[in-house]
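See below for model_38.txt, which holds compact mmCIF, C-alpha atoms.
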```txt
# COMPACT_ATOMS: atom_id res chain seq x y z
CA MET A 1147 -16.85 -3.01 -77.66
CA SER A 1148 -18.23 -3.78 -81.08
CA VAL A 1149 -17.78 -7.13 -82.80
CA GLN A 1150 -15.50 -5.47 -85.36
CA GLU A 1151 -13.29 -3.97 -82.62
CA ARG A 1152 -13.08 -7.32 -80.83
CA LYS A 1153 -12.11 -9.12 -84.04
CA GLN A 1154 -9.45 -6.51 -84.77
CA ARG A 1155 -8.07 -6.83 -81.24
CA GLU A 1156 -7.97 -10.62 -81.55
CA ARG A 1157 -6.23 -10.35 -84.92
CA SER A 1158 -3.59 -8.02 -83.45
CA GLU A 1159 -3.06 -10.39 -80.53
CA ARG A 1160 -2.62 -13.36 -82.90
CA GLU A 1161 -0.11 -11.39 -84.94
CA ARG A 1162 1.88 -10.49 -81.81
CA LEU A 1163 1.77 -14.15 -80.77
CA ILE A 1164 3.10 -15.29 -84.16
CA VAL A 1165 5.97 -12.78 -84.03
CA ALA A 1166 6.82 -13.56 -80.40
CA THR A 1167 6.76 -17.30 -81.07
CA ALA A 1168 8.93 -16.96 -84.18
CA ARG A 1169 11.38 -14.85 -82.25
CA GLU A 1170 11.49 -17.29 -79.33
CA LEU A 1171 11.96 -20.28 -81.62
CA ALA A 1172 14.69 -18.50 -83.60
CA GLU A 1173 16.55 -17.50 -80.43
CA GLN A 1174 16.36 -21.08 -79.12
CA GLN A 1175 17.04 -23.08 -82.27
CA GLY A 1176 17.99 -20.66 -85.05
CA TRP A 1177 16.01 -19.32 -87.99
CA ASP A 1178 16.14 -22.62 -89.87
CA ALA A 1179 13.85 -24.05 -87.18
CA VAL A 1180 11.23 -21.38 -87.85
CA THR A 1181 8.75 -22.82 -90.32
CA THR A 1182 5.12 -21.95 -90.83
CA ARG A 1183 4.16 -25.50 -89.89
CA ARG A 1184 6.09 -25.36 -86.63
CA LEU A 1185 4.74 -21.89 -85.81
CA ALA A 1186 1.19 -23.02 -86.48
CA GLU A 1187 1.67 -25.96 -84.14
CA ARG A 1188 3.20 -23.82 -81.39
CA ILE A 1189 0.54 -21.13 -81.48
CA GLU A 1190 -2.20 -23.74 -81.90
CA TYR A 1191 -3.71 -22.23 -85.03
CA SER A 1192 -3.86 -23.67 -88.52
CA GLN A 1193 -1.37 -22.70 -91.19
CA PRO A 1194 -4.10 -20.83 -93.14
CA VAL A 1195 -4.64 -18.62 -90.07
CA LEU A 1196 -0.91 -17.91 -89.97
CA TYR A 1197 -0.95 -17.10 -93.70
CA SER A 1198 -3.83 -14.70 -93.14
CA HIS A 1199 -1.34 -12.58 -91.15
CA PHE A 1200 1.92 -13.17 -93.01
CA ARG A 1201 2.54 -14.42 -96.55
CA GLY A 1202 5.43 -16.51 -95.32
CA LYS A 1203 8.61 -16.69 -93.31
CA ARG A 1204 10.14 -13.66 -95.04
CA GLU A 1205 7.38 -11.38 -93.73
CA ILE A 1206 7.69 -12.91 -90.27
CA ILE A 1207 11.42 -12.17 -90.31
CA GLY A 1208 10.58 -8.61 -91.36
CA ALA A 1209 8.13 -8.25 -88.46
CA VAL A 1210 10.76 -9.51 -86.01
CA ALA A 1211 13.27 -7.08 -87.52
CA LEU A 1212 10.93 -4.13 -87.07
CA GLU A 1213 10.24 -5.11 -83.49
CA GLY A 1214 13.96 -5.50 -82.87
CA ALA A 1215 14.74 -2.12 -84.44
CA ALA A 1216 12.29 -0.43 -82.09
CA GLU A 1217 13.83 -2.21 -79.11
CA MET A 1218 17.35 -1.36 -80.21
CA ALA A 1219 16.47 2.32 -80.64
CA ALA A 1220 15.01 2.43 -77.12
CA THR A 1221 18.06 0.60 -75.72
CA LEU A 1222 20.51 2.99 -77.38
CA ARG A 1223 18.62 6.06 -76.24
CA ALA A 1224 18.41 4.79 -72.67
CA ALA A 1225 22.13 4.01 -72.60
CA THR A 1226 23.17 7.39 -73.98
CA ALA A 1227 20.74 9.42 -71.86
CA ALA A 1228 22.58 8.36 -68.71
CA ALA A 1229 26.02 9.36 -70.07
CA ALA A 1230 27.55 12.80 -69.66
CA GLY A 1231 29.44 14.28 -72.58
CA PRO A 1232 29.93 13.24 -76.21
CA ARG A 1233 32.68 10.67 -75.52
CA ALA A 1234 30.75 8.96 -72.75
CA ARG A 1235 27.61 8.91 -74.93
CA ALA A 1236 29.50 7.41 -77.90
CA THR A 1237 31.06 4.76 -75.65
CA ALA A 1238 27.71 3.98 -74.02
CA LEU A 1239 26.11 3.70 -77.45
CA ALA A 1240 28.80 1.31 -78.71
CA ARG A 1241 28.53 -0.88 -75.61
CA ALA A 1242 24.72 -0.92 -75.75
CA TYR A 1243 24.72 -1.79 -79.45
CA LEU A 1244 27.18 -4.66 -79.03
CA ASP A 1245 25.33 -5.91 -75.95
CA PHE A 1246 22.01 -5.83 -77.82
CA ALA A 1247 23.51 -7.84 -80.69
CA ALA A 1248 24.99 -10.40 -78.29
CA ARG A 1249 21.82 -10.79 -76.21
CA ASN A 1250 19.48 -11.03 -79.22
CA PRO A 1251 21.33 -12.93 -81.95
CA ALA A 1252 18.25 -14.12 -83.86
CA VAL A 1253 16.66 -10.67 -83.75
CA TYR A 1254 19.95 -9.11 -84.85
CA ASP A 1255 20.11 -11.57 -87.74
CA ALA A 1256 16.54 -10.69 -88.71
CA MET A 1257 17.48 -7.02 -88.68
CA PHE A 1258 20.75 -7.17 -90.58
CA GLN A 1259 21.55 -10.61 -91.99
CA LEU A 1260 18.32 -12.16 -93.29
CA ASP A 1261 15.92 -11.09 -96.00
CA GLY A 1262 12.85 -9.73 -94.28
CA GLY A 1263 11.71 -7.84 -97.36
CA LEU A 1264 12.48 -4.47 -95.78
CA ALA A 1265 13.98 -1.49 -97.57
CA PHE A 1266 17.01 0.16 -95.98
CA ALA A 1267 18.23 3.67 -96.74
CA ALA A 1268 15.34 4.28 -99.10
CA GLU A 1269 12.24 6.41 -99.24
CA ASP A 1270 10.06 3.45 -98.27
CA THR A 1271 12.21 2.36 -95.33
CA PRO A 1272 9.85 1.45 -92.47
CA GLU A 1273 9.73 3.92 -89.59
CA PRO A 1274 11.26 1.60 -86.94
CA LEU A 1275 14.38 1.18 -89.09
CA LYS A 1276 14.63 4.92 -89.65
CA ASP A 1277 14.24 5.49 -85.92
CA ALA A 1278 16.97 2.96 -85.08
CA PHE A 1279 19.33 4.84 -87.40
CA ALA A 1280 18.19 8.13 -85.85
CA ALA A 1281 19.08 6.75 -82.40
CA LEU A 1282 22.62 6.16 -83.67
CA LEU A 1283 22.79 9.54 -85.43
CA GLU A 1284 21.62 11.48 -82.35
CA THR A 1285 24.80 10.51 -80.51
CA LEU A 1286 27.28 9.94 -83.30
CA GLY A 1287 26.46 13.09 -85.22
CA ALA A 1288 27.91 15.06 -82.32
CA VAL A 1289 31.31 13.37 -82.69
CA ALA A 1290 31.57 13.28 -86.49
CA GLY A 1291 34.03 16.15 -86.64
CA ASP A 1292 34.19 19.32 -88.72
CA GLY A 1293 33.49 18.87 -92.41
CA VAL A 1294 32.21 15.30 -91.98
CA HIS A 1295 28.58 14.66 -92.80
CA PRO A 1296 26.99 13.31 -89.59
CA ALA A 1297 24.92 10.63 -91.36
CA LEU A 1298 27.94 9.40 -93.32
CA PHE A 1299 30.01 9.20 -90.14
CA THR A 1300 27.16 7.34 -88.44
CA GLU A 1301 27.08 4.81 -91.28
CA VAL A 1302 30.83 4.17 -90.94
CA PHE A 1303 30.67 3.87 -87.15
CA TRP A 1304 27.62 1.59 -87.43
CA ALA A 1305 29.44 -0.58 -89.97
CA ALA A 1306 32.34 -0.93 -87.53
CA LEU A 1307 29.94 -1.89 -84.73
CA HIS A 1308 28.23 -4.41 -86.99
CA GLY A 1309 31.57 -5.92 -87.91
CA LEU A 1310 32.56 -6.22 -84.26
CA ALA A 1311 29.20 -7.76 -83.37
CA THR A 1312 29.25 -10.36 -86.14
CA LEU A 1313 32.95 -11.25 -85.85
CA THR A 1314 32.71 -11.60 -82.08
CA ARG A 1315 29.64 -13.81 -82.32
CA ALA A 1316 31.32 -15.99 -84.94
CA GLY A 1317 34.27 -16.51 -82.58
CA ARG A 1318 36.66 -14.67 -84.90
CA LEU A 1319 37.70 -12.13 -82.25
CA PRO A 1320 38.97 -13.02 -78.77
CA PRO A 1321 36.31 -12.05 -76.22
CA GLU A 1322 38.81 -10.80 -73.63
CA GLN A 1323 39.60 -7.79 -75.84
CA ALA A 1324 35.97 -6.74 -76.39
CA GLU A 1325 36.11 -3.70 -74.11
CA ARG A 1326 39.42 -2.53 -75.56
CA ARG A 1327 37.98 -2.78 -79.09
CA THR A 1328 35.06 -0.58 -78.06
CA GLU A 1329 37.40 2.01 -76.53
CA LEU A 1330 39.62 1.93 -79.60
CA LEU A 1331 36.66 2.42 -81.92
CA VAL A 1332 35.51 5.51 -80.01
CA ASP A 1333 39.06 6.85 -79.58
CA ARG A 1334 39.98 6.55 -83.25
CA LEU A 1335 36.74 7.43 -84.99
CA ALA A 1336 35.00 9.93 -82.78
CA VAL A 1337 36.23 13.52 -82.77
CA LEU A 1338 35.93 14.59 -79.16
```
Could I get this file's structure written as structure tokens?
Amino acid sequence: MSVQERKQRERSERERLIVATARELAEQQGWDAVTTRRLAERIEYSQPVLYSHFRGKREIIGAVALEGAAEMAATLRAATAAAAGPRARATALARAYLDFAARNPAVYDAMFQLDGGLAFAAEDTPEPLKDAFAALLETLGAVAGDGVHPALFTEVFWAALHGLATLTRAGRLPPEQAERRTELLVDRLAVL
């Protein structure tokens, strides 16, 4: 391995460490606890080293969001692959999405609540975000119904899932009705 290859590998490993540490700290203590000073201390590198990878917290949030989008896409695809039929796939997708949001609140916030400097629904949208939407569209497009644009239906269904995820997490919806809400969402929106 050349010196250049080794340096590039070390740089990639440091970047992964910064993102993993930011994510861990955010999940434990919230995004307000994630500062460049604290990250530098935790990863045992100086702040200038951290800034050589990311210009600041906003870019770190964006990196966590991209990582989370890739994980969410894989989670949704795995959940729907095991389901038979459009209704079962839509229900599995909804459950997997809500479970992902509940299990990864800081990552979910990085993806959809915080400014990570990422473009959504634009030409320059990063590939992991496009793929996460594609993972939704693959299942939901099949239940959009005649005359309904599959991507538009997916946006509406996704918005409903996002609302359920954020309202549930904020304690605005009683948790004992979570499964019924998921069933109702699929029953009323999906054309089966």
Counting all atoms listed in the file, which residue out of A:Ile1189, A:Ala1230, A:Ala1256, A:Ala1242 sits closest to A:Trp1177?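 Result for the nearest residue to A:Trp1177: A:Ala1256.
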What is the distance, in Å and to one decimal place, between atom CA of A:Glu1273 and atom CA of A:Pro1194?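 A separation of 28.6 Å between them.
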Name the residues in contact with stretch 1164-1170 of chain A at a cut-off of 7 Å, using all atoms listed in the file, excluding same-chain residues fewer than 2 positions from it; report them as a list in words.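 Counting only the stated atoms, we get Arg1160, Glu1161, Arg1162, Ala1172, Glu1173, Gln1174, Val1180, Leu1185, Ile1189, Ile1206, Ala1209, Val1210 and Val1253 of chain A.
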Please dump the current selection as a short mmCIF file (atom, residue, chain, number, x, y, z; two decimals), in the coordinates of the input; keep C-alpha atoms.
```
data_model
loop_
_atom_site.label_atom_id
_atom_site.label_comp_id
_atom_site.auth_asym_id
_atom_site.auth_seq_id
_atom_site.Cartn_x
_atom_site.Cartn_y
_atom_site.Cartn_z
CA ARG A 1160 -2.62 -13.36 -82.90
CA GLU A 1161 -0.11 -11.39 -84.94
CA ARG A 1162 1.88 -10.49 -81.81
CA ALA A 1172 14.69 -18.50 -83.60
CA GLU A 1173 16.55 -17.50 -80.43
CA GLN A 1174 16.36 -21.08 -79.12
CA VAL A 1180 11.23 -21.38 -87.85
CA LEU A 1185 4.74 -21.89 -85.81
CA ILE A 1189 0.54 -21.13 -81.48
CA ILE A 1206 7.69 -12.91 -90.27
CA ALA A 1209 8.13 -8.25 -88.46
CA VAL A 1210 10.76 -9.51 -86.01
CA VAL A 1253 16.66 -10.67 -83.75
#
```
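Take the candidates A:Val1149, A:Ala1290, A:Leu1222, A:Leu1171 and check each one against A:Asp1245 using all atoms listed in the file; the shortest distance goes to A:Leu1222.
Among the candidates A:Ala1247, A:Gly1176, A:Thr1181, A:Leu1286, the residue lying nearest to A:Gln1193 is A:Thr1181 (atoms considered: all atoms listed in the file).
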Rounded to one decimal place, report the atom CA of A:Pro1321-atom CA of A:Ala1280 distance in Å.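 Atom-to-atom, atom CA of A:Pro1321 to atom CA of A:Ala1280, that is 28.8 Å.
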Between atom CA of A:Val1332 and atom CA of A:Ala1236, measure the distance and give it in Å to one decimal.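 If I compute the distance from atom CA of A:Val1332 to atom CA of A:Ala1236, I get 6.6 Å.
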For A:Thr1221, which residue out of A:Leu1196, A:Lys1203, A:Arg1152, A:Phe1246 is the nearest one, using only C-alpha atoms?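 Closest residue, counting only C-alpha atoms: A:Phe1246.
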May I have the protein, DNA and RNA residues with any atom at most 12 Å from the point (9.9, -5.2, -88.1), counting only C-alpha atoms, written as a VMD selection string? chain A and resid 1162 1165 to 1166 1169 1204 to 1218 1253 to 1254 1256 to 1258 1261 to 1266 1271 to 1278
Which residues are near A:Phe1299? Cut-off 9 Å, all atoms listed in the file, ignore same chain within fewer than 2 positions. Put them as a PyMOL selection string. chain A and resi 1283+1286-1287+1289-1291+1294-1297+1301-1304+1335-1336
Using all atoms of stretch 1187-1191 of chain A that appear in the file, construct an axis-aligned enclosing box with 3 Å of padding on every side and provide its centre coordinates and edge lengths in Å, rounded to one decimal, as AutoDock Vina command-line options.
```
--center_x -0.3 --center_y -23.5 --center_z -83.2 --size_x 12.9 --size_y 10.8 --size_z 9.6
```
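For the residues A:Ala1252, A:Ala1324, A:Ala1228, A:Ala1268, ranking by smallest atom-to-atom distance to A:Leu1310 using all atoms listed in the file places A:Ala1324 first.
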Residue nearest A:Thr1285 - candidates A:Glu1190, A:Arg1235, A:Ser1148, A:Gly1202, atoms counted: only C-alpha atoms: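 Smallest separation from A:Thr1285 among the options: A:Arg1235.
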